[in-house]
Each structure stands twice: as C-alpha cells, then as structure tokens.
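Q: File model-v4.pdb follows (PDB, C-alpha atoms):
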```pdb
MODEL        1
ATOM      1  CA  MET A  40       0.000   0.000   0.000  1.00  0.00           C
ATOM      2  CA  PRO A  41       1.530   3.354  -0.962  1.00  0.00           C
ATOM      3  CA  ILE A  42       1.951   5.936   1.775  1.00  0.00           C
ATOM      4  CA  PRO A  43      -0.149   9.061   1.128  1.00  0.00           C
ATOM      5  CA  GLN A  44       1.620  12.293   0.250  1.00  0.00           C
ATOM      6  CA  HIS A  45      -0.780  14.337   2.353  1.00  0.00           C
ATOM      7  CA  ILE A  46      -2.228  13.412   5.737  1.00  0.00           C
ATOM      8  CA  PRO A  47      -4.289  16.146   7.394  1.00  0.00           C
ATOM      9  CA  ALA A  48      -3.366  17.222  10.916  1.00  0.00           C
ATOM     10  CA  GLY A  49      -5.883  15.909  13.419  1.00  0.00           C
ATOM     11  CA  ALA A  50      -6.723  12.769  11.427  1.00  0.00           C
ATOM     12  CA  ARG A  51      -6.946   9.616  13.564  1.00  0.00           C
ATOM     13  CA  ILE A  52      -4.948   6.802  11.981  1.00  0.00           C
ATOM     14  CA  VAL A  53      -3.306   3.463  12.681  1.00  0.00           C
ATOM     15  CA  VAL A  54       0.308   3.173  11.522  1.00  0.00           C
ATOM     16  CA  ARG A  55       2.154  -0.148  11.251  1.00  0.00           C
ATOM     17  CA  VAL A  56       5.960   0.087  11.381  1.00  0.00           C
ATOM     18  CA  ARG A  57       8.753  -2.460  11.090  1.00  0.00           C
ATOM     19  CA  ASP A  58      10.131  -3.295  14.529  1.00  0.00           C
ATOM     20  CA  GLY A  59      13.094  -5.391  13.386  1.00  0.00           C
ATOM     21  CA  VAL A  60      13.872  -9.061  13.003  1.00  0.00           C
ATOM     22  CA  ASP A  61      13.328 -11.305  16.016  1.00  0.00           C
ATOM     23  CA  SER A  62      16.638 -12.956  16.926  1.00  0.00           C
ATOM     24  CA  ARG A  63      14.897 -16.138  18.115  1.00  0.00           C
ATOM     25  CA  ASP A  64      12.732 -16.955  15.105  1.00  0.00           C
ATOM     26  CA  GLY A  65      14.285 -14.771  12.380  1.00  0.00           C
ATOM     27  CA  ARG A  66      10.924 -13.226  11.434  1.00  0.00           C
ATOM     28  CA  MET A  67      10.161  -9.547  10.910  1.00  0.00           C
ATOM     29  CA  LYS A  68       8.139  -8.040  13.766  1.00  0.00           C
ATOM     30  CA  PHE A  69       5.781  -5.074  13.544  1.00  0.00           C
ATOM     31  CA  ARG A  70       4.371  -2.479  15.938  1.00  0.00           C
ATOM     32  CA  ASP A  71       1.105  -0.537  15.585  1.00  0.00           C
ATOM     33  CA  PHE A  72       0.519   3.059  16.669  1.00  0.00           C
ATOM     34  CA  ILE A  73      -2.997   4.518  16.871  1.00  0.00           C
ATOM     35  CA  GLY A  74      -3.422   8.235  17.328  1.00  0.00           C
ATOM     36  CA  HIS A  75      -3.861  11.690  15.836  1.00  0.00           C
ATOM     37  CA  VAL A  76      -1.553  13.238  13.263  1.00  0.00           C
ATOM     38  CA  ARG A  77       0.344  16.336  14.385  1.00  0.00           C
ATOM     39  CA  SER A  78       2.348  16.699  11.162  1.00  0.00           C
ATOM     40  CA  TRP A  79       3.568  14.793   8.104  1.00  0.00           C
ATOM     41  CA  ASP A  80       6.322  16.034   5.789  1.00  0.00           C
ATOM     42  CA  GLY A  81       6.835  12.876   3.747  1.00  0.00           C
ATOM     43  CA  LYS A  82       9.890  11.880   5.809  1.00  0.00           C
ATOM     44  CA  HIS A  83       8.590  11.887   9.404  1.00  0.00           C
ATOM     45  CA  LEU A  84       5.123  11.374  10.814  1.00  0.00           C
ATOM     46  CA  ASP A  85       4.523  13.121  14.136  1.00  0.00           C
ATOM     47  CA  LEU A  86       1.677  11.450  15.975  1.00  0.00           C
ATOM     48  CA  THR A  87       0.000  11.846  19.341  1.00  0.00           C
ATOM     49  CA  ARG A  88      -0.461   8.198  20.273  1.00  0.00           C
ATOM     50  CA  ASP A  89      -3.725   7.459  22.059  1.00  0.00           C
ATOM     51  CA  ALA A  90      -3.580   6.440  25.698  1.00  0.00           C
ATOM     52  CA  ALA A  91      -4.266   2.747  26.237  1.00  0.00           C
ATOM     53  CA  ALA A  92      -7.967   2.083  26.727  1.00  0.00           C
ATOM     54  CA  ASN A  93      -7.250   0.186  29.957  1.00  0.00           C
ATOM     55  CA  GLY A  94      -5.144   3.014  31.384  1.00  0.00           C
ATOM     56  CA  SER A  95      -1.836   1.099  31.245  1.00  0.00           C
ATOM     57  CA  ARG A  96      -0.109   3.691  28.992  1.00  0.00           C
ATOM     58  CA  PRO A  97      -0.627   7.455  28.886  1.00  0.00           C
ATOM     59  CA  GLU A  98      -0.934   9.498  25.706  1.00  0.00           C
ATOM     60  CA  GLN A  99       2.481   9.841  23.972  1.00  0.00           C
ATOM     61  CA  ASP A 100       4.016  12.046  21.298  1.00  0.00           C
ATOM     62  CA  VAL A 101       5.941   9.901  18.794  1.00  0.00           C
ATOM     63  CA  SER A 102       7.867  10.571  15.588  1.00  0.00           C
ATOM     64  CA  LEU A 103       7.959   7.771  13.022  1.00  0.00           C
ATOM     65  CA  ALA A 104      10.388   7.631  10.087  1.00  0.00           C
ATOM     66  CA  ALA A 105       8.705   7.184   6.705  1.00  0.00           C
ATOM     67  CA  ASP A 106      11.074   4.379   5.689  1.00  0.00           C
ATOM     68  CA  ALA A 107       9.895   2.265   8.663  1.00  0.00           C
ATOM     69  CA  ILE A 108       6.173   2.712   7.879  1.00  0.00           C
ATOM     70  CA  VAL A 109       4.475  -0.300   6.289  1.00  0.00           C
ATOM     71  CA  THR A 110       0.831   0.859   6.213  1.00  0.00           C
ATOM     72  CA  ILE A 111      -1.322   3.803   7.242  1.00  0.00           C
ATOM     73  CA  LYS A 112      -5.100   3.532   7.597  1.00  0.00           C
ATOM     74  CA  PRO A 113      -7.736   5.927   8.888  1.00  0.00           C
ATOM     75  CA  VAL A 114      -9.664   4.742  11.936  1.00  0.00           C
ATOM     76  CA  PRO A 115     -12.794   6.148  13.587  1.00  0.00           C
ATOM     77  CA  GLU A 116     -12.700   7.999  16.890  1.00  0.00           C
ATOM     78  CA  ARG A 117     -13.167   5.974  20.058  1.00  0.00           C
ATOM     79  CA  CYS A 118     -16.654   5.765  21.436  1.00  0.00           C
ATOM     80  CA  LYS A 119     -17.162   7.977  24.457  1.00  0.00           C
ATOM     81  CA  ARG A 120     -18.118   5.884  27.477  1.00  0.00           C
ATOM     82  CA  GLN A 121     -21.049   7.208  29.430  1.00  0.00           C
ATOM     83  CA  ALA A 122     -21.012   7.041  33.200  1.00  0.00           C
ATOM     84  CA  ALA A 123     -23.443   4.543  34.644  1.00  0.00           C
ATOM     85  CA  THR A 124     -26.378   6.160  36.370  1.00  0.00           C
ATOM     86  CA  THR A 125     -28.099   4.449  39.244  1.00  0.00           C
TER      87      THR A 125
ENDMDL
END
```
In structure tokens, what does this structure look like?
A:
Amino acid sequence: MPIPQHIPAGARIVVRVRDGVDSRDGRMKFRDFIGHVRSWDGKHLDLTRDAAANGSRPEQDVSLAADAIVTIKPVPERCKRQAATT
C-alpha cells in the first residue's frame, strides 16, 4: 500500500511500522501506533499516540520515520463511554 503524500493534521490513523527481526525466530516483527496526526512532511510522521484504553499507557508524542512505515489507515474515533447512572 503506498503511503499518502498528504495526511491532514488531526486525522486519527493506525500506523504499522517495522520493529526489526526477532533474533529467536528470524521473522520480521511489527508495531502498531494509533493516534492523531500532528504533522507529516513525507519523511517523518509526528503522531499523538492514544492512551491505552485500559489506562496502562498514557498518551504519547511519537515521531515515526517514513522508511519504517508499512501501512497507514484511517480509523474512527473511540466511542465515548457514558457514566453509569443508578
């Protein structure tokens, strides 16, 4: 899948990047980042990575090199949870 030349700031996307070859099994490993685009210049993608839904990881600012990116796909916003009323 070709990487788009333009990605609008604020778009929520999932980005899959190469994470290197596993020394035990010799297979390429990948890592996914889901978040909102801060900027994209064709060489680096600056992304505000979403906090983990279970609270285990806070929101993070990451910069991903274009040559490590395998795919980019748009994803919908998370559903807002409503507080239970009793």
Q: List as number ranges by chain the protein and nucleic acid residues near segment 97-109 of chain A, meaning an atom at most 8 Å away when all atoms listed in the file are counted, but skip any in the same chain fewer than 5 places from it.
A: A: 40, 54-57, 81-91
Q: Which residues, named as in the file, does the PyMOL selection byres ((chain A and resi 75) around 7) pick out? Answer as a list in words.
A: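 That expression, the PyMOL selection byres ((chain A and resi 75) around 7), corresponds here to Gly49, Ala50, Arg51, Ile52, Gly74, Val76, Arg77, Leu86, Thr87 and Arg88 of chain A.
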Q: Expressed in Å to a single decimal, how great is the separation between atom CA of Lys119 of chain A and atom CA of Phe72 of chain A?
A: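 Result for atom CA of Lys119 of chain A versus atom CA of Phe72 of chain A: 19.9 Å, one decimal.
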Q: Edge lengths and centre in Å to one decimal, as AutoDock Vina command-line options, is what I'm after for the box along x, y and z that holds all listed atoms of segment 56-60 of chain A once 3 Å is added on each side.
A:
```
--center_x 9.9 --center_y -4.5 --center_z 12.8 --size_x 13.9 --size_y 15.1 --size_z 9.4
```
Q: When you draw a straight line from atom CA of Pro47 of chain A to atom CA of Arg70 of chain A, how long is it in Å?
A: 22.2 Å
Q: Quick one: pull the distance between atom CA of Ile46 of chain A and atom CA of Ser78 of chain A, Å, one decimal.
A: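 Atom CA of Ser78 of chain A lies 7.8 Å from atom CA of Ile46 of chain A.
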Q: From the list A:Asp71, A:Ala92, A:Arg66, A:Asp61, which residue is nearest Lys112 of chain A when using only C-alpha atoms?
A: A:Asp71
Q: Applied to the shown file, which residues does the PyMOL selection byres ((chain A and resi 68) around 6) return, written as number ranges by chain?
A: A: 58-60, 67, 69
Q: Go through A:Arg63, A:Gln44, A:Asn93, A:Ile73 one by one, measure the shortest atom-to-atom distance of each to Glu116 of chain A using all atoms listed in the file, and give the residue with the smallest value.
A: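 Of all the options, A:Ile73 lies closest to Glu116 of chain A.
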Q: Looking at all atoms listed in the file, which of A:Ser62, A:Pro113, A:Gly94, A:Pro43 is the one that sits closest to Trp79 of chain A?
A: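 Closest to Trp79 of chain A of all the choices is A:Pro43.
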